[in-house]
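First the structure, in the form of structure tokens, and then the observations on it.
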Amino acid sequence: MGEMLMEDAKTWSGPRPFVGRGKVREELAAEVERATTEGGRAVFLLGPSGSGMTACIGVFQEEAFRRFKGLRAQYVDCAHSGARTWAELAQIFTRGHKLKRSLKRVSADWLESIPIAGKILQAIVRTVTVVRGGRVEPRRMRRVQEVHDTALAAVRTLLEFEPLEPRLVIMDSLDRGDSEDLAGAAALIRRLPETRTLFLAAVRTADGRPPPEIADLMLEAERLGRAARIEIQPLSVEDLEDILSKATGAPAPRGWIAWLRRKSGGIPGSVWSLVGRLEQEGRLERSGRRWNWVGEPSAEAVSATPLPSQEWKLNEADLRLMALATCEGQVFHSAVLAELAGRSELDVEDRLSGLCRIGLLEYLGAPALGDDVTSRYAFRNEVDVAAFAAELETDERETSRERVARIQSELGL
């Protein structure tokens, strides 16, 4: 499991071409057509971590620009967005329309200033304000305040300025978004019938299910009759043949294709982890711009160690912590893990929060245990549990499980 051990671990050094997903892209294009002609829509693109949703969205967005004239689109990665996502979206989408509306007010200023030379300076100032900021407030309503204080105010602004403009709002990794991301999404979904906006949210699922808060958003959009769920499917054998041929510059032997399909489950992230391992083990040798396949898959040729859902680039401390966490199971408690690892709970909580941000873990809450509180976390993907568990030697794993049982008993779990 070399790709998961160290932050500088080697992975597949070749290209990672995008192939297939034609059906998904056509379904998304059909939803854009419906949104721009029949009224706003919400589409939830669902798939496990590593399924290639971000790459698919990137290709689709380029196609949408070419296919739909006049469509304005913005992409947001909720895993790395700030606290003012919706305010920034509103500013981008409405700036041009604010400028047009404000220039009408300014033109009136200039007309009023003709008989009174003293008003010319005031008109100049207001003109500069419009050009720089895209907006000027009526003279009677000037107040020093933030225009977009909340995500809800930002969505109201989107609806105030040209709501029937064809728009595509893409929010990738919405499952990792903060409360403002979700509040803005909920507000827009409720007002979709008043727009020609397609709201596209990419959501990572665990065991086929989205997080509860995203499931609530989906139900609200479906209640309005303006929602679609599109599940991104695993790569087929034909897709694997295509992707490996383009990546290595040579057709892959059928034995390796079958092995990769069975081992990865067709998840692109796992495919590239496996291909990277094959390169490291000498089963793929680089020759100029292409790679040559060596031998056939066998237990001796390729390690049977379980693979993670994607390339988690962890440092030694976090890797050790995750390996110990598996001793309690897919769901574990921070207090138990802290005792097991011999670390302070504060340090463990800080590290687990960071692992939640990258999508490896999910925070499940902090139930009370008498006078104490301990946080519950879960691995988002079952395959990661097996992959991290394999980092422990058999004897240590058994001993750690016995310790977990004692710690749980002491804590009243």
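Residue names in the structure tokens use chain letters A, B, ... in the order shown, residue numbers from 1 in each chain, and ligand numbers from 1 in the order shown.
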Sort by chain and increasing residue number a table of all residues of stretch 310-408 of chain A within 12 Å of stretch 164-186 of chain A, each with its closest pair of atoms and their distance in Å to one decimal, counting only C-alpha atoms, and write it as a Markdown table.
```
| residue | atom | partner | partner_atom | distance |
| --- | --- | --- | --- | --- |
| A:Ser353 | CA | A:Arg176 | CA | 11.8 |
| A:Gly354 | CA | A:Arg176 | CA | 11.8 |
| A:Leu355 | CA | A:Arg176 | CA | 11.3 |
| A:Cys356 | CA | A:Arg176 | CA | 8.2 |
| A:Arg357 | CA | A:Arg176 | CA | 6.8 |
| A:Ile358 | CA | A:Arg176 | CA | 8.3 |
| A:Gly359 | CA | A:Arg176 | CA | 7.1 |
| A:Leu360 | CA | A:Arg176 | CA | 10.6 |
| A:Leu361 | CA | A:Arg176 | CA | 10.5 |
| A:Glu362 | CA | A:Arg176 | CA | 9.2 |
| A:Tyr363 | CA | A:Arg176 | CA | 10.8 |
| A:Arg380 | CA | A:Asp175 | CA | 11.2 |
```
Which neighbours of A:Arg196 fall inside 10 Å, counting only C-alpha atoms, when residues of the same chain fewer than 5 positions from it are skipped, and could you give them as a compact mmCIF listing (two decimals) with N, CA and C atoms, in the first residue's frame?
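part16.txt written:
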```txt
# COMPACT_ATOMS: atom_id res chain seq x y z
N VAL A 32 -29.60 20.73 -18.69
CA VAL A 32 -29.35 22.14 -19.02
C VAL A 32 -30.44 22.63 -19.97
N GLU A 33 -30.78 21.83 -20.97
CA GLU A 33 -31.83 22.18 -21.93
C GLU A 33 -33.15 22.42 -21.22
N ARG A 34 -33.50 21.54 -20.30
CA ARG A 34 -34.76 21.68 -19.57
C ARG A 34 -34.76 22.92 -18.69
N ALA A 35 -33.63 23.17 -18.01
CA ALA A 35 -33.55 24.31 -17.11
C ALA A 35 -33.67 25.63 -17.87
N THR A 36 -33.05 25.71 -19.04
CA THR A 36 -33.04 26.97 -19.78
C THR A 36 -34.31 27.21 -20.58
N THR A 37 -35.12 26.17 -20.75
CA THR A 37 -36.36 26.34 -21.52
C THR A 37 -37.62 26.20 -20.67
N GLU A 38 -37.57 25.36 -19.62
CA GLU A 38 -38.76 25.08 -18.82
C GLU A 38 -38.69 25.66 -17.42
N GLY A 39 -37.51 26.12 -16.99
CA GLY A 39 -37.36 26.64 -15.63
C GLY A 39 -36.31 25.88 -14.86
N GLY A 40 -35.85 26.49 -13.76
CA GLY A 40 -34.72 25.97 -12.99
C GLY A 40 -34.82 24.52 -12.59
N ARG A 41 -33.65 23.87 -12.53
CA ARG A 41 -33.56 22.46 -12.15
C ARG A 41 -32.41 22.27 -11.18
N GLU A 162 -31.88 39.81 -13.29
CA GLU A 162 -32.02 38.90 -14.43
C GLU A 162 -32.11 37.43 -14.02
N PRO A 163 -33.11 37.06 -13.23
CA PRO A 163 -33.21 35.66 -12.79
C PRO A 163 -33.44 34.67 -13.93
N LEU A 164 -33.95 35.17 -15.07
CA LEU A 164 -34.22 34.27 -16.20
C LEU A 164 -33.03 34.14 -17.14
N GLU A 165 -31.89 34.69 -16.76
CA GLU A 165 -30.68 34.48 -17.53
C GLU A 165 -30.26 33.02 -17.41
N PRO A 166 -29.91 32.35 -18.52
CA PRO A 166 -29.47 30.94 -18.44
C PRO A 166 -28.18 30.82 -17.64
N ARG A 167 -28.24 30.09 -16.53
CA ARG A 167 -27.08 29.97 -15.66
C ARG A 167 -26.83 28.52 -15.27
N LEU A 168 -25.57 28.21 -15.04
CA LEU A 168 -25.15 26.89 -14.57
C LEU A 168 -24.29 27.09 -13.33
```
Need to verify the contact set: A:Phe332, 8 Å, only C-alpha atoms, exclusion of same-chain residues closer than 3 positions in sequence. Can you return it as a PyMOL selection string? chain A and resi 325-326+328-329+336-337+376-378
Residues of stretch 376-401 of chain A that approach stretch 204-227 of chain A to 10 Å or less, counting only C-alpha atoms: could you list each one with the shortest pair of atoms and its distance in Å to one decimal, rows by chain and increasing residue number, as a Markdown table?
```
| residue | atom | partner | partner_atom | distance |
| --- | --- | --- | --- | --- |
| A:Phe379 | CA | A:Ala206 | CA | 8.8 |
| A:Arg380 | CA | A:Ala206 | CA | 5.4 |
| A:Asn381 | CA | A:Ala206 | CA | 5.7 |
| A:Glu382 | CA | A:Asp207 | CA | 7.8 |
```
Go ahead and write the residues just picked, all heavy atoms, as an mmCIF file, in the first residue's frame.
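Result saved to part.cif:
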```cif
data_model
loop_
_atom_site.group_PDB
_atom_site.id
_atom_site.type_symbol
_atom_site.label_atom_id
_atom_site.label_comp_id
_atom_site.auth_asym_id
_atom_site.auth_seq_id
_atom_site.Cartn_x
_atom_site.Cartn_y
_atom_site.Cartn_z
ATOM 1 N N PHE A 379 -15.226 6.074 8.808
ATOM 2 C CA PHE A 379 -14.603 6.032 7.488
ATOM 3 C C PHE A 379 -15.715 6.134 6.449
ATOM 4 O O PHE A 379 -16.737 5.443 6.548
ATOM 5 C CB PHE A 379 -13.835 4.720 7.293
ATOM 6 C CG PHE A 379 -12.575 4.626 8.095
ATOM 7 C CD1 PHE A 379 -12.577 4.022 9.343
ATOM 8 C CD2 PHE A 379 -11.386 5.133 7.589
ATOM 9 C CE1 PHE A 379 -11.407 3.919 10.089
ATOM 10 C CE2 PHE A 379 -10.211 5.040 8.327
ATOM 11 C CZ PHE A 379 -10.222 4.446 9.577
ATOM 12 N N ARG A 380 -15.528 6.988 5.456
ATOM 13 C CA ARG A 380 -16.560 7.167 4.440
ATOM 14 C C ARG A 380 -16.690 5.945 3.536
ATOM 15 O O ARG A 380 -17.734 5.725 2.942
ATOM 16 C CB ARG A 380 -16.257 8.401 3.578
ATOM 17 C CG ARG A 380 -16.536 9.727 4.282
ATOM 18 C CD ARG A 380 -16.199 10.890 3.379
ATOM 19 N NE ARG A 380 -16.537 12.163 4.003
ATOM 20 C CZ ARG A 380 -17.682 12.793 3.849
ATOM 21 N NH1 ARG A 380 -18.621 12.254 3.094
ATOM 22 N NH2 ARG A 380 -17.906 13.949 4.440
ATOM 23 N N ASN A 381 -15.634 5.173 3.411
ATOM 24 C CA ASN A 381 -15.650 4.037 2.489
ATOM 25 C C ASN A 381 -15.136 2.789 3.205
ATOM 26 O O ASN A 381 -14.083 2.819 3.838
ATOM 27 C CB ASN A 381 -14.787 4.347 1.260
ATOM 28 C CG ASN A 381 -15.115 3.456 0.078
ATOM 29 O OD1 ASN A 381 -15.195 2.235 0.212
ATOM 30 N ND2 ASN A 381 -15.296 4.062 -1.081
ATOM 31 N N GLU A 382 -15.858 1.694 3.059
ATOM 32 C CA GLU A 382 -15.487 0.457 3.747
ATOM 33 C C GLU A 382 -14.127 -0.072 3.298
ATOM 34 O O GLU A 382 -13.406 -0.681 4.087
ATOM 35 C CB GLU A 382 -16.557 -0.607 3.513
ATOM 36 C CG GLU A 382 -17.863 -0.361 4.266
ATOM 37 C CD GLU A 382 -18.856 -1.479 4.061
ATOM 38 O OE1 GLU A 382 -18.520 -2.431 3.329
ATOM 39 O OE2 GLU A 382 -19.963 -1.402 4.618
#
```
Using only C-alpha atoms for the distances, tell me which of A:Ala366, A:Arg401, A:Ile267, A:Asn292 is nearest to A:Glu279.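 Looking at the shortest contact to A:Glu279, the residue is A:Asn292.
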Using atom CA of A:Glu31 and atom CA of A:Leu198 as the two end points, give the distance in Å to one decimal. 7.4 Å
Run DSSP on the backbone and give me the residues of stretch 124-353 of chain A it puts in alpha helix (DSSP H), as number ranges by chain. A: 124-133, 151-160, 179-190, 212-223, 237-248, 254-264, 268-280, 316-325, 334-341, 345-353
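Separating atom CA of A:Pro253 from atom CA of A:Val275 is a distance of 13.2 Å.
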Mind checking which residues fall within 12 Å of A:Gly265, counting only C-alpha atoms, ignoring those fewer than 2 positions away in the same chain, and posting them as a PyMOL selection string? chain A and resi 48+50-51+233-237+240+257-263+267-271+274+307-309+383
DSSP strand (DSSP E) selection over stretch 2-69 of chain A, as a ChimeraX atom specification: /A:41-48
Which residue is closest to A:Glu88? Choose from A:Gly249, A:Glu316, A:Ala30, A:Ala154 and count only C-alpha atoms.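 Of the candidates, the smallest distance to A:Glu88 is held by A:Ala154.
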